[in-house]
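Below is model-v4.cif, holding mmCIF, N, CA and C atoms.
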```cif
data_run
#
loop_
_atom_site.label_atom_id
_atom_site.label_comp_id
_atom_site.auth_asym_id
_atom_site.auth_seq_id
_atom_site.Cartn_x
_atom_site.Cartn_y
_atom_site.Cartn_z
N MET A 74 1.73 -23.59 35.43
CA MET A 74 1.70 -23.16 34.05
C MET A 74 0.55 -23.86 33.34
N THR A 75 -0.23 -23.11 32.57
CA THR A 75 -1.32 -23.67 31.78
C THR A 75 -1.31 -23.05 30.39
N SER A 76 -2.03 -23.67 29.52
CA SER A 76 -2.20 -23.15 28.15
C SER A 76 -3.68 -22.96 27.90
N ARG A 77 -3.99 -22.23 26.86
CA ARG A 77 -5.37 -22.03 26.43
C ARG A 77 -5.51 -22.52 25.00
N PHE A 78 -6.65 -23.12 24.70
CA PHE A 78 -6.99 -23.52 23.33
C PHE A 78 -7.51 -22.26 22.65
N THR A 79 -6.70 -21.66 21.79
CA THR A 79 -7.03 -20.35 21.23
C THR A 79 -7.49 -20.39 19.79
N GLU A 80 -7.02 -21.36 19.01
CA GLU A 80 -7.44 -21.43 17.62
C GLU A 80 -7.25 -22.84 17.08
N LEU A 81 -8.07 -23.16 16.10
CA LEU A 81 -7.96 -24.41 15.37
C LEU A 81 -7.62 -24.04 13.94
N THR A 82 -6.55 -24.60 13.42
CA THR A 82 -6.08 -24.26 12.08
C THR A 82 -6.51 -25.33 11.09
N VAL A 83 -7.02 -24.88 9.95
CA VAL A 83 -7.48 -25.77 8.89
C VAL A 83 -6.69 -25.45 7.62
N ASP A 84 -5.95 -26.44 7.12
CA ASP A 84 -5.27 -26.29 5.83
C ASP A 84 -6.32 -26.36 4.72
N CYS A 85 -6.16 -25.54 3.70
CA CYS A 85 -7.14 -25.53 2.62
C CYS A 85 -6.56 -24.87 1.37
N HIS A 86 -7.26 -25.00 0.26
CA HIS A 86 -6.86 -24.35 -0.99
C HIS A 86 -7.33 -22.91 -1.05
N ASP A 87 -8.54 -22.65 -0.56
CA ASP A 87 -9.17 -21.33 -0.70
C ASP A 87 -9.65 -20.83 0.67
N PRO A 88 -8.78 -20.17 1.43
CA PRO A 88 -9.15 -19.70 2.76
C PRO A 88 -10.37 -18.78 2.78
N GLU A 89 -10.49 -17.91 1.79
CA GLU A 89 -11.63 -16.98 1.77
C GLU A 89 -12.94 -17.74 1.63
N ARG A 90 -12.99 -18.69 0.71
CA ARG A 90 -14.22 -19.46 0.49
C ARG A 90 -14.59 -20.29 1.71
N LEU A 91 -13.60 -20.97 2.29
CA LEU A 91 -13.89 -21.81 3.44
C LEU A 91 -14.25 -20.97 4.66
N ALA A 92 -13.60 -19.85 4.85
CA ALA A 92 -13.94 -18.95 5.96
C ALA A 92 -15.37 -18.44 5.80
N ALA A 93 -15.76 -18.08 4.58
CA ALA A 93 -17.12 -17.60 4.34
C ALA A 93 -18.14 -18.69 4.65
N PHE A 94 -17.85 -19.92 4.24
CA PHE A 94 -18.75 -21.04 4.54
C PHE A 94 -18.92 -21.19 6.05
N TRP A 95 -17.81 -21.26 6.79
CA TRP A 95 -17.89 -21.50 8.23
C TRP A 95 -18.46 -20.29 8.97
N CYS A 96 -18.28 -19.08 8.46
CA CYS A 96 -18.94 -17.91 9.06
C CYS A 96 -20.45 -18.08 9.00
N GLU A 97 -20.96 -18.56 7.88
CA GLU A 97 -22.40 -18.79 7.74
C GLU A 97 -22.88 -19.92 8.64
N VAL A 98 -22.09 -20.99 8.74
CA VAL A 98 -22.47 -22.13 9.57
C VAL A 98 -22.55 -21.72 11.04
N LEU A 99 -21.54 -21.00 11.52
CA LEU A 99 -21.39 -20.74 12.95
C LEU A 99 -21.79 -19.34 13.39
N ASP A 100 -22.20 -18.49 12.45
CA ASP A 100 -22.48 -17.08 12.76
C ASP A 100 -21.23 -16.40 13.34
N PHE A 101 -20.08 -16.70 12.74
CA PHE A 101 -18.82 -16.06 13.09
C PHE A 101 -18.58 -14.90 12.14
N LYS A 102 -17.60 -14.10 12.47
CA LYS A 102 -17.16 -12.98 11.64
C LYS A 102 -15.68 -13.13 11.34
N VAL A 103 -15.24 -12.56 10.23
CA VAL A 103 -13.80 -12.51 9.95
C VAL A 103 -13.18 -11.54 10.94
N ILE A 104 -12.15 -11.99 11.64
CA ILE A 104 -11.49 -11.12 12.62
C ILE A 104 -10.07 -10.76 12.21
N ASP A 105 -9.53 -11.48 11.21
CA ASP A 105 -8.20 -11.14 10.70
C ASP A 105 -8.01 -11.83 9.36
N ARG A 106 -7.31 -11.16 8.48
CA ARG A 106 -6.96 -11.79 7.21
C ARG A 106 -5.65 -11.19 6.73
N SER A 107 -4.89 -12.01 6.07
CA SER A 107 -3.66 -11.59 5.41
C SER A 107 -3.41 -12.55 4.26
N GLU A 108 -2.32 -12.36 3.57
CA GLU A 108 -2.00 -13.19 2.41
C GLU A 108 -2.07 -14.68 2.76
N GLY A 109 -3.03 -15.38 2.16
CA GLY A 109 -3.12 -16.83 2.31
C GLY A 109 -3.72 -17.32 3.60
N LYS A 110 -4.33 -16.42 4.40
CA LYS A 110 -4.96 -16.91 5.62
C LYS A 110 -6.10 -15.99 6.05
N VAL A 111 -7.12 -16.62 6.66
CA VAL A 111 -8.28 -15.90 7.18
C VAL A 111 -8.63 -16.51 8.53
N GLU A 112 -8.81 -15.65 9.53
CA GLU A 112 -9.21 -16.10 10.86
C GLU A 112 -10.63 -15.61 11.14
N ILE A 113 -11.45 -16.53 11.68
CA ILE A 113 -12.84 -16.18 12.00
C ILE A 113 -13.11 -16.54 13.46
N GLY A 114 -14.10 -15.86 14.03
CA GLY A 114 -14.45 -16.17 15.41
C GLY A 114 -15.72 -15.48 15.83
N SER A 115 -16.15 -15.81 17.03
CA SER A 115 -17.34 -15.19 17.60
C SER A 115 -16.97 -13.97 18.43
N TRP A 116 -15.69 -13.73 18.59
CA TRP A 116 -15.19 -12.61 19.37
C TRP A 116 -13.80 -12.26 18.87
N VAL A 117 -13.34 -11.07 19.18
CA VAL A 117 -11.98 -10.67 18.82
C VAL A 117 -11.10 -10.91 20.04
N PRO A 118 -10.22 -11.90 19.96
CA PRO A 118 -9.42 -12.25 21.14
C PRO A 118 -8.40 -11.17 21.49
N THR A 119 -8.29 -10.91 22.78
CA THR A 119 -7.21 -10.06 23.28
C THR A 119 -6.41 -10.91 24.25
N VAL A 120 -5.18 -10.56 24.45
CA VAL A 120 -4.33 -11.31 25.37
C VAL A 120 -4.96 -11.33 26.76
N GLU A 121 -5.51 -10.21 27.17
CA GLU A 121 -6.10 -10.13 28.51
C GLU A 121 -7.28 -11.08 28.67
N ASP A 122 -8.17 -11.11 27.66
CA ASP A 122 -9.32 -12.01 27.71
C ASP A 122 -8.89 -13.47 27.74
N VAL A 123 -7.94 -13.82 26.92
CA VAL A 123 -7.47 -15.21 26.85
C VAL A 123 -6.82 -15.62 28.16
N ARG A 124 -6.02 -14.75 28.74
CA ARG A 124 -5.37 -15.07 30.02
C ARG A 124 -6.39 -15.19 31.15
N ALA A 125 -7.46 -14.41 31.09
CA ALA A 125 -8.43 -14.36 32.18
C ALA A 125 -9.32 -15.60 32.24
N ARG A 126 -9.67 -16.19 31.08
CA ARG A 126 -10.60 -17.31 31.10
C ARG A 126 -10.57 -18.05 29.76
N GLN A 127 -11.11 -19.26 29.78
CA GLN A 127 -11.24 -20.02 28.55
C GLN A 127 -12.30 -19.35 27.68
N MET A 128 -12.00 -19.16 26.44
CA MET A 128 -12.94 -18.57 25.49
C MET A 128 -13.06 -19.52 24.30
N SER A 129 -14.10 -19.34 23.53
CA SER A 129 -14.25 -20.16 22.32
C SER A 129 -13.05 -19.94 21.41
N PRO A 130 -12.47 -21.02 20.87
CA PRO A 130 -11.34 -20.83 19.95
C PRO A 130 -11.80 -20.23 18.63
N THR A 131 -10.88 -19.60 17.94
CA THR A 131 -11.15 -19.10 16.60
C THR A 131 -10.78 -20.20 15.61
N LEU A 132 -11.21 -20.03 14.37
CA LEU A 132 -10.82 -20.94 13.28
C LEU A 132 -9.92 -20.16 12.34
N LEU A 133 -8.79 -20.74 12.01
CA LEU A 133 -7.81 -20.11 11.14
C LEU A 133 -7.64 -20.98 9.90
N PHE A 134 -7.95 -20.42 8.74
CA PHE A 134 -7.84 -21.15 7.47
C PHE A 134 -6.58 -20.68 6.76
N ILE A 135 -5.68 -21.63 6.49
CA ILE A 135 -4.39 -21.32 5.88
C ILE A 135 -4.28 -22.03 4.54
N GLN A 136 -3.87 -21.27 3.53
CA GLN A 136 -3.73 -21.82 2.18
C GLN A 136 -2.50 -22.73 2.11
N VAL A 137 -2.71 -23.93 1.58
CA VAL A 137 -1.64 -24.89 1.35
C VAL A 137 -1.79 -25.45 -0.06
N PRO A 138 -0.70 -25.92 -0.66
CA PRO A 138 -0.78 -26.42 -2.04
C PRO A 138 -1.39 -27.81 -2.17
N GLU A 139 -1.23 -28.66 -1.17
CA GLU A 139 -1.70 -30.03 -1.29
C GLU A 139 -3.18 -30.12 -0.94
N GLY A 140 -3.83 -31.13 -1.48
CA GLY A 140 -5.23 -31.37 -1.21
C GLY A 140 -5.42 -32.36 -0.08
N LYS A 141 -6.65 -32.49 0.38
CA LYS A 141 -7.00 -33.46 1.41
C LYS A 141 -7.00 -34.85 0.77
N THR A 142 -6.39 -35.82 1.42
CA THR A 142 -6.30 -37.15 0.82
C THR A 142 -6.93 -38.26 1.65
N VAL A 143 -7.11 -38.07 2.94
CA VAL A 143 -7.69 -39.12 3.79
C VAL A 143 -8.70 -38.49 4.75
N LYS A 144 -9.45 -39.35 5.44
CA LYS A 144 -10.41 -38.90 6.45
C LYS A 144 -9.69 -38.06 7.51
N ASN A 145 -10.35 -36.98 7.93
CA ASN A 145 -9.78 -36.14 8.98
C ASN A 145 -9.62 -36.93 10.27
N ARG A 146 -8.55 -36.69 11.00
CA ARG A 146 -8.39 -37.28 12.32
C ARG A 146 -8.98 -36.38 13.39
N LEU A 147 -9.26 -35.16 13.03
CA LEU A 147 -9.89 -34.19 13.92
C LEU A 147 -11.01 -33.53 13.12
N HIS A 148 -12.17 -33.36 13.74
CA HIS A 148 -13.25 -32.71 13.02
C HIS A 148 -14.10 -31.91 13.99
N LEU A 149 -14.89 -31.01 13.45
CA LEU A 149 -15.80 -30.21 14.25
C LEU A 149 -17.15 -30.91 14.36
N ASP A 150 -17.81 -30.75 15.49
CA ASP A 150 -19.20 -31.14 15.68
C ASP A 150 -19.99 -29.87 15.90
N VAL A 151 -21.14 -29.75 15.25
CA VAL A 151 -22.00 -28.60 15.44
C VAL A 151 -23.38 -29.08 15.87
N SER A 152 -24.05 -28.26 16.68
CA SER A 152 -25.40 -28.57 17.16
C SER A 152 -26.31 -27.41 16.83
N PRO A 153 -27.39 -27.66 16.10
CA PRO A 153 -28.34 -26.59 15.81
C PRO A 153 -28.92 -26.02 17.11
N ILE A 154 -29.16 -24.71 17.12
CA ILE A 154 -29.69 -24.09 18.34
C ILE A 154 -31.10 -23.55 18.17
N ASP A 155 -31.59 -23.46 16.94
CA ASP A 155 -32.92 -22.88 16.76
C ASP A 155 -33.77 -23.61 15.72
N GLY A 156 -33.45 -24.85 15.47
CA GLY A 156 -34.22 -25.67 14.53
C GLY A 156 -33.82 -27.12 14.70
N SER A 157 -34.43 -27.97 13.92
CA SER A 157 -34.15 -29.40 14.00
C SER A 157 -32.81 -29.73 13.33
N THR A 158 -32.31 -30.89 13.66
CA THR A 158 -31.09 -31.38 13.01
C THR A 158 -31.32 -31.48 11.51
N GLU A 159 -32.49 -31.99 11.11
CA GLU A 159 -32.79 -32.14 9.69
C GLU A 159 -32.83 -30.79 8.98
N ASP A 160 -33.43 -29.79 9.63
CA ASP A 160 -33.47 -28.45 9.03
C ASP A 160 -32.06 -27.87 8.88
N GLU A 161 -31.21 -28.13 9.88
CA GLU A 161 -29.84 -27.61 9.81
C GLU A 161 -29.06 -28.30 8.69
N VAL A 162 -29.25 -29.60 8.54
CA VAL A 162 -28.59 -30.32 7.45
C VAL A 162 -29.00 -29.73 6.11
N THR A 163 -30.27 -29.45 5.94
CA THR A 163 -30.76 -28.84 4.69
C THR A 163 -30.11 -27.48 4.47
N ARG A 164 -30.03 -26.66 5.53
CA ARG A 164 -29.40 -25.34 5.42
C ARG A 164 -27.94 -25.47 5.00
N LEU A 165 -27.23 -26.41 5.62
CA LEU A 165 -25.81 -26.60 5.31
C LEU A 165 -25.61 -27.12 3.90
N LEU A 166 -26.48 -27.99 3.43
CA LEU A 166 -26.41 -28.45 2.04
C LEU A 166 -26.56 -27.26 1.09
N ASN A 167 -27.47 -26.34 1.41
CA ASN A 167 -27.67 -25.15 0.58
C ASN A 167 -26.47 -24.21 0.61
N LEU A 168 -25.67 -24.27 1.69
CA LEU A 168 -24.46 -23.45 1.78
C LEU A 168 -23.27 -24.06 1.04
N GLY A 169 -23.40 -25.33 0.62
CA GLY A 169 -22.31 -25.96 -0.12
C GLY A 169 -21.72 -27.18 0.54
N ALA A 170 -22.25 -27.59 1.70
CA ALA A 170 -21.79 -28.83 2.34
C ALA A 170 -22.37 -30.02 1.58
N THR A 171 -21.81 -31.19 1.83
CA THR A 171 -22.33 -32.43 1.28
C THR A 171 -22.43 -33.46 2.40
N LYS A 172 -23.34 -34.41 2.24
CA LYS A 172 -23.37 -35.54 3.17
C LYS A 172 -22.26 -36.48 2.76
N THR A 173 -21.65 -37.13 3.73
CA THR A 173 -20.56 -38.04 3.41
C THR A 173 -20.62 -39.28 4.30
N ASP A 174 -19.99 -40.33 3.86
CA ASP A 174 -19.97 -41.60 4.59
C ASP A 174 -18.54 -41.89 5.01
N VAL A 175 -18.33 -41.96 6.32
CA VAL A 175 -17.01 -42.33 6.85
C VAL A 175 -17.11 -43.65 7.59
N GLY A 176 -18.16 -44.42 7.26
CA GLY A 176 -18.37 -45.71 7.90
C GLY A 176 -19.21 -45.63 9.15
N GLN A 177 -19.97 -44.55 9.31
CA GLN A 177 -20.75 -44.35 10.53
C GLN A 177 -21.98 -45.24 10.62
N GLY A 178 -22.44 -45.79 9.52
CA GLY A 178 -23.65 -46.61 9.54
C GLY A 178 -24.90 -45.75 9.45
N ALA A 179 -26.02 -46.39 9.21
CA ALA A 179 -27.27 -45.67 8.96
C ALA A 179 -28.06 -45.35 10.22
N ASP A 180 -27.84 -46.07 11.30
CA ASP A 180 -28.65 -45.91 12.51
C ASP A 180 -28.02 -44.96 13.52
N ARG A 181 -27.64 -43.79 13.07
CA ARG A 181 -27.00 -42.80 13.94
C ARG A 181 -27.92 -41.60 14.10
N ASN A 182 -27.80 -40.91 15.24
CA ASN A 182 -28.61 -39.72 15.45
C ASN A 182 -27.84 -38.45 15.09
N TRP A 183 -26.74 -38.59 14.40
CA TRP A 183 -25.99 -37.46 13.88
C TRP A 183 -25.78 -37.66 12.39
N VAL A 184 -25.41 -36.58 11.71
CA VAL A 184 -25.20 -36.63 10.27
C VAL A 184 -23.77 -36.20 9.98
N VAL A 185 -23.04 -37.02 9.25
CA VAL A 185 -21.68 -36.67 8.85
C VAL A 185 -21.76 -35.90 7.53
N MET A 186 -21.10 -34.75 7.52
CA MET A 186 -21.10 -33.90 6.33
C MET A 186 -19.67 -33.51 6.02
N ALA A 187 -19.48 -32.87 4.88
CA ALA A 187 -18.17 -32.34 4.50
C ALA A 187 -18.35 -30.89 4.05
N ASP A 188 -17.39 -30.05 4.40
CA ASP A 188 -17.44 -28.65 3.97
C ASP A 188 -17.05 -28.59 2.48
N PRO A 189 -17.05 -27.41 1.86
CA PRO A 189 -16.76 -27.33 0.42
C PRO A 189 -15.40 -27.88 -0.01
N GLU A 190 -14.45 -28.05 0.91
CA GLU A 190 -13.16 -28.64 0.54
C GLU A 190 -13.02 -30.08 1.02
N GLY A 191 -14.12 -30.67 1.50
CA GLY A 191 -14.11 -32.09 1.85
C GLY A 191 -13.76 -32.40 3.29
N ASN A 192 -13.61 -31.40 4.15
CA ASN A 192 -13.32 -31.65 5.56
C ASN A 192 -14.59 -32.10 6.27
N GLU A 193 -14.52 -33.28 6.89
CA GLU A 193 -15.70 -33.83 7.56
C GLU A 193 -16.04 -33.04 8.82
N PHE A 194 -17.35 -32.98 9.09
CA PHE A 194 -17.85 -32.46 10.36
C PHE A 194 -19.18 -33.15 10.62
N CYS A 195 -19.64 -33.11 11.87
CA CYS A 195 -20.89 -33.78 12.22
C CYS A 195 -21.93 -32.76 12.69
N VAL A 196 -23.16 -33.00 12.28
CA VAL A 196 -24.29 -32.24 12.80
C VAL A 196 -24.95 -33.14 13.84
N LEU A 197 -24.94 -32.68 15.09
CA LEU A 197 -25.46 -33.46 16.20
C LEU A 197 -26.92 -33.12 16.48
N ARG A 198 -27.40 -33.59 17.60
CA ARG A 198 -28.79 -33.35 17.99
C ARG A 198 -29.03 -31.85 18.17
N THR A 199 -30.25 -31.46 17.97
CA THR A 199 -30.61 -30.05 18.14
C THR A 199 -30.60 -29.65 19.60
N LEU A 200 -30.24 -28.40 19.84
CA LEU A 200 -30.30 -27.82 21.18
C LEU A 200 -31.45 -26.82 21.27
N ALA A 201 -32.28 -26.78 20.24
CA ALA A 201 -33.42 -25.86 20.22
C ALA A 201 -34.41 -26.27 21.31
N PRO A 202 -35.08 -25.27 21.92
CA PRO A 202 -36.09 -25.61 22.92
C PRO A 202 -37.16 -26.51 22.32
N GLN A 203 -37.57 -27.49 23.07
CA GLN A 203 -38.61 -28.43 22.63
C GLN A 203 -39.95 -27.96 23.17
N ASN A 204 -40.95 -27.90 22.32
CA ASN A 204 -42.28 -27.44 22.74
C ASN A 204 -43.05 -28.53 23.42
#
```

As structure tokens, what does this structure read like?
Amino acid sequence: MTSRFTELTVDCHDPERLAAFWCEVLDFKVIDRSEGKVEIGSWVPTVEDVRARQMSPTLLFIQVPEGKTVKNRLHLDVSPIDGSTEDEVTRLLNLGATKTDVGQGADRNWVVMADPEGNEFCVLRTLAPQN
């Protein structure tokens, strides 16, 4: 017996806004929405596809009444694929992210950021081809 990692759920105040932000960050599309929740992904999961192989998980944003109060114990890491880490940080700032300090120190090769609702994530080294 095995399981598949199919989705990561994020509690938030505004699922539509956060889903739109992460769609822009990851080039995902909305694949499902209903009252108080929005699911995004790079593909539309089917039971057959999930059973056949590991696929990228979707992100599910669910509306909750309480706000974020402490540092996330789980966070996403993203790697730019067609530009520098610095260029990606600038793009994400323009989308509504902020730089944040979780005690990482200044001499790191990654950048800690927060999405529009304060959920931390890291921008890692670029995966863009090097000339």

(message) Could you check the closest approach to A:Asp188 for each of A:Asp105, A:Phe94, A:Trp116, A:Met128 and tell me which residue wins, using all atoms listed in the file?
(response) A:Phe94

(request) Go through A:Arg77, A:His86, A:Lys144, A:Lys172 one by one, measure the shortest atom-to-atom distance of each to A:Thr131 using only C-alpha atoms, and give the residue with the smallest value. (result)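 Of all the options, A:Arg77 lies closest to A:Thr131.
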
(request) For A:His148, list every protein, DNA or RNA residue within 9 Å, evaluated using only C-alpha atoms, and leave out those in the same chain fewer than 3 positions away; present the list as a ChimeraX atom specification. (result) /A:145,192-195

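The coordinates place atom CA of A:Ser76 at 22.6 Å from atom C of A:Asp150.
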
Expanded to explicit residues, what is the PyMOL selection byres (((chain A and resi 165 and name CA) around 10) and name CA) for this file, as a tab-separated table (two decimals) with N, CA and C atoms, in the coordinates of the input?
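This went into expr.tsv:
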```tsv
chain	number	residue	atom	x	y	z
A	94	PHE	N	-17.85	-19.92	4.24
A	94	PHE	CA	-18.75	-21.04	4.54
A	94	PHE	C	-18.92	-21.19	6.05
A	95	TRP	N	-17.81	-21.26	6.79
A	95	TRP	CA	-17.89	-21.50	8.23
A	95	TRP	C	-18.46	-20.29	8.97
A	97	GLU	N	-20.96	-18.56	7.88
A	97	GLU	CA	-22.40	-18.79	7.74
A	97	GLU	C	-22.88	-19.92	8.64
A	98	VAL	N	-22.09	-20.99	8.74
A	98	VAL	CA	-22.47	-22.13	9.57
A	98	VAL	C	-22.55	-21.72	11.04
A	159	GLU	N	-32.49	-31.99	11.11
A	159	GLU	CA	-32.79	-32.14	9.69
A	159	GLU	C	-32.83	-30.79	8.98
A	160	ASP	N	-33.43	-29.79	9.63
A	160	ASP	CA	-33.47	-28.45	9.03
A	160	ASP	C	-32.06	-27.87	8.88
A	161	GLU	N	-31.21	-28.13	9.88
A	161	GLU	CA	-29.84	-27.61	9.81
A	161	GLU	C	-29.06	-28.30	8.69
A	162	VAL	N	-29.25	-29.60	8.54
A	162	VAL	CA	-28.59	-30.32	7.45
A	162	VAL	C	-29.00	-29.73	6.11
A	163	THR	N	-30.27	-29.45	5.94
A	163	THR	CA	-30.76	-28.84	4.69
A	163	THR	C	-30.11	-27.48	4.47
A	164	ARG	N	-30.03	-26.66	5.53
A	164	ARG	CA	-29.40	-25.34	5.42
A	164	ARG	C	-27.94	-25.47	5.00
A	166	LEU	N	-26.48	-27.99	3.43
A	166	LEU	CA	-26.41	-28.45	2.04
A	166	LEU	C	-26.56	-27.26	1.09
A	167	ASN	N	-27.47	-26.34	1.41
A	167	ASN	CA	-27.67	-25.15	0.58
A	167	ASN	C	-26.47	-24.21	0.61
A	168	LEU	N	-25.67	-24.27	1.69
A	168	LEU	CA	-24.46	-23.45	1.78
A	168	LEU	C	-23.27	-24.06	1.04
A	169	GLY	N	-23.40	-25.33	0.62
A	169	GLY	CA	-22.31	-25.96	-0.12
A	169	GLY	C	-21.72	-27.18	0.54
A	170	ALA	N	-22.25	-27.59	1.70
A	170	ALA	CA	-21.79	-28.83	2.34
A	170	ALA	C	-22.37	-30.02	1.58
A	171	THR	N	-21.81	-31.19	1.83
A	171	THR	CA	-22.33	-32.43	1.28
A	171	THR	C	-22.43	-33.46	2.40
A	172	LYS	N	-23.34	-34.41	2.24
A	172	LYS	CA	-23.37	-35.54	3.17
A	172	LYS	C	-22.26	-36.48	2.76
A	186	MET	N	-21.10	-34.75	7.52
A	186	MET	CA	-21.10	-33.90	6.33
A	186	MET	C	-19.67	-33.51	6.02
A	187	ALA	N	-19.48	-32.87	4.88
A	187	ALA	CA	-18.17	-32.34	4.50
A	187	ALA	C	-18.35	-30.89	4.05
A	188	ASP	N	-17.39	-30.05	4.40
A	188	ASP	CA	-17.44	-28.65	3.97
A	188	ASP	C	-17.05	-28.59	2.48
A	196	VAL	N	-23.16	-33.00	12.28
A	196	VAL	CA	-24.29	-32.24	12.80
A	196	VAL	C	-24.95	-33.14	13.84
```

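A straight line drawn from atom N of A:Thr79 to atom N of A:Gln136 is 18.5 Å long.
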
(request) Tell me, in Å to one decimal, how far atom CA of A:Leu91 is from atom CA of A:Phe134. (result)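 Atom CA of A:Leu91 sits 7.3 Å away from atom CA of A:Phe134.
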
(message) I'd like to know which of A:Val103, A:Val184, A:Leu147, A:Leu197 is closest to A:Glu89, using only C-alpha atoms.
(response) A:Val103

(request) For A:Lys102, work out the shell of residues within 7 Å, counting only N, CA and C atoms and skipping chain neighbours fewer than 4 positions away, then give it as a ChimeraX atom specification. (result) /A:96,112-116

Quick test: take stretch 103-124 of chain A, keep N, CA and C atoms, and write it as a PDB file, in the first residue's frame.
```pdb
ATOM      1  N   VAL A 103      -6.159  27.870 -12.343  1.00  0.00           N
ATOM      2  CA  VAL A 103      -7.219  27.424 -11.433  1.00  0.00           C
ATOM      3  C   VAL A 103      -7.829  26.171 -12.029  1.00  0.00           C
ATOM      4  N   ILE A 104      -7.891  25.105 -11.229  1.00  0.00           N
ATOM      5  CA  ILE A 104      -8.472  23.855 -11.726  1.00  0.00           C
ATOM      6  C   ILE A 104      -9.777  23.502 -11.022  1.00  0.00           C
ATOM      7  N   ASP A 105     -10.061  24.188  -9.908  1.00  0.00           N
ATOM      8  CA  ASP A 105     -11.330  23.964  -9.221  1.00  0.00           C
ATOM      9  C   ASP A 105     -11.560  25.118  -8.252  1.00  0.00           C
ATOM     10  N   ARG A 106     -12.813  25.480  -8.104  1.00  0.00           N
ATOM     11  CA  ARG A 106     -13.148  26.489  -7.101  1.00  0.00           C
ATOM     12  C   ARG A 106     -14.566  26.220  -6.631  1.00  0.00           C
ATOM     13  N   SER A 107     -14.781  26.525  -5.381  1.00  0.00           N
ATOM     14  CA  SER A 107     -16.112  26.465  -4.783  1.00  0.00           C
ATOM     15  C   SER A 107     -16.124  27.444  -3.619  1.00  0.00           C
ATOM     16  N   GLU A 108     -17.219  27.509  -2.915  1.00  0.00           N
ATOM     17  CA  GLU A 108     -17.363  28.452  -1.807  1.00  0.00           C
ATOM     18  C   GLU A 108     -16.203  28.328  -0.824  1.00  0.00           C
ATOM     19  N   GLY A 109     -15.383  29.380  -0.734  1.00  0.00           N
ATOM     20  CA  GLY A 109     -14.316  29.427   0.263  1.00  0.00           C
ATOM     21  C   GLY A 109     -13.081  28.632  -0.067  1.00  0.00           C
ATOM     22  N   LYS A 110     -12.951  28.132  -1.311  1.00  0.00           N
ATOM     23  CA  LYS A 110     -11.720  27.418  -1.640  1.00  0.00           C
ATOM     24  C   LYS A 110     -11.429  27.502  -3.134  1.00  0.00           C
ATOM     25  N   VAL A 111     -10.117  27.505  -3.434  1.00  0.00           N
ATOM     26  CA  VAL A 111      -9.640  27.541  -4.815  1.00  0.00           C
ATOM     27  C   VAL A 111      -8.457  26.584  -4.910  1.00  0.00           C
ATOM     28  N   GLU A 112      -8.489  25.717  -5.918  1.00  0.00           N
ATOM     29  CA  GLU A 112      -7.385  24.788  -6.157  1.00  0.00           C
ATOM     30  C   GLU A 112      -6.695  25.175  -7.462  1.00  0.00           C
ATOM     31  N   ILE A 113      -5.351  25.183  -7.415  1.00  0.00           N
ATOM     32  CA  ILE A 113      -4.568  25.521  -8.601  1.00  0.00           C
ATOM     33  C   ILE A 113      -3.556  24.415  -8.867  1.00  0.00           C
ATOM     34  N   GLY A 114      -3.135  24.319 -10.120  1.00  0.00           N
ATOM     35  CA  GLY A 114      -2.138  23.315 -10.449  1.00  0.00           C
ATOM     36  C   GLY A 114      -1.612  23.481 -11.855  1.00  0.00           C
ATOM     37  N   SER A 115      -0.621  22.670 -12.169  1.00  0.00           N
ATOM     38  CA  SER A 115      -0.036  22.678 -13.499  1.00  0.00           C
ATOM     39  C   SER A 115      -0.722  21.661 -14.400  1.00  0.00           C
ATOM     40  N   TRP A 116      -1.624  20.884 -13.834  1.00  0.00           N
ATOM     41  CA  TRP A 116      -2.346  19.864 -14.569  1.00  0.00           C
ATOM     42  C   TRP A 116      -3.663  19.601 -13.857  1.00  0.00           C
ATOM     43  N   VAL A 117      -4.601  18.992 -14.540  1.00  0.00           N
ATOM     44  CA  VAL A 117      -5.875  18.624 -13.923  1.00  0.00           C
ATOM     45  C   VAL A 117      -5.768  17.160 -13.506  1.00  0.00           C
ATOM     46  N   PRO A 118      -5.705  16.904 -12.203  1.00  0.00           N
ATOM     47  CA  PRO A 118      -5.489  15.531 -11.755  1.00  0.00           C
ATOM     48  C   PRO A 118      -6.697  14.638 -12.025  1.00  0.00           C
ATOM     49  N   THR A 119      -6.399  13.436 -12.479  1.00  0.00           N
ATOM     50  CA  THR A 119      -7.423  12.394 -12.582  1.00  0.00           C
ATOM     51  C   THR A 119      -6.975  11.244 -11.694  1.00  0.00           C
ATOM     52  N   VAL A 120      -7.895  10.458 -11.258  1.00  0.00           N
ATOM     53  CA  VAL A 120      -7.555   9.320 -10.404  1.00  0.00           C
ATOM     54  C   VAL A 120      -6.567   8.405 -11.120  1.00  0.00           C
ATOM     55  N   GLU A 121      -6.774   8.199 -12.398  1.00  0.00           N
ATOM     56  CA  GLU A 121      -5.905   7.304 -13.157  1.00  0.00           C
ATOM     57  C   GLU A 121      -4.470   7.817 -13.204  1.00  0.00           C
ATOM     58  N   ASP A 122      -4.312   9.125 -13.475  1.00  0.00           N
ATOM     59  CA  ASP A 122      -2.971   9.714 -13.515  1.00  0.00           C
ATOM     60  C   ASP A 122      -2.279   9.627 -12.167  1.00  0.00           C
ATOM     61  N   VAL A 123      -2.988   9.923 -11.113  1.00  0.00           N
ATOM     62  CA  VAL A 123      -2.405   9.899  -9.772  1.00  0.00           C
ATOM     63  C   VAL A 123      -2.006   8.481  -9.388  1.00  0.00           C
ATOM     64  N   ARG A 124      -2.835   7.512  -9.705  1.00  0.00           N
ATOM     65  CA  ARG A 124      -2.505   6.117  -9.384  1.00  0.00           C
ATOM     66  C   ARG A 124      -1.314   5.627 -10.199  1.00  0.00           C
TER      67      ARG A 124
END
```
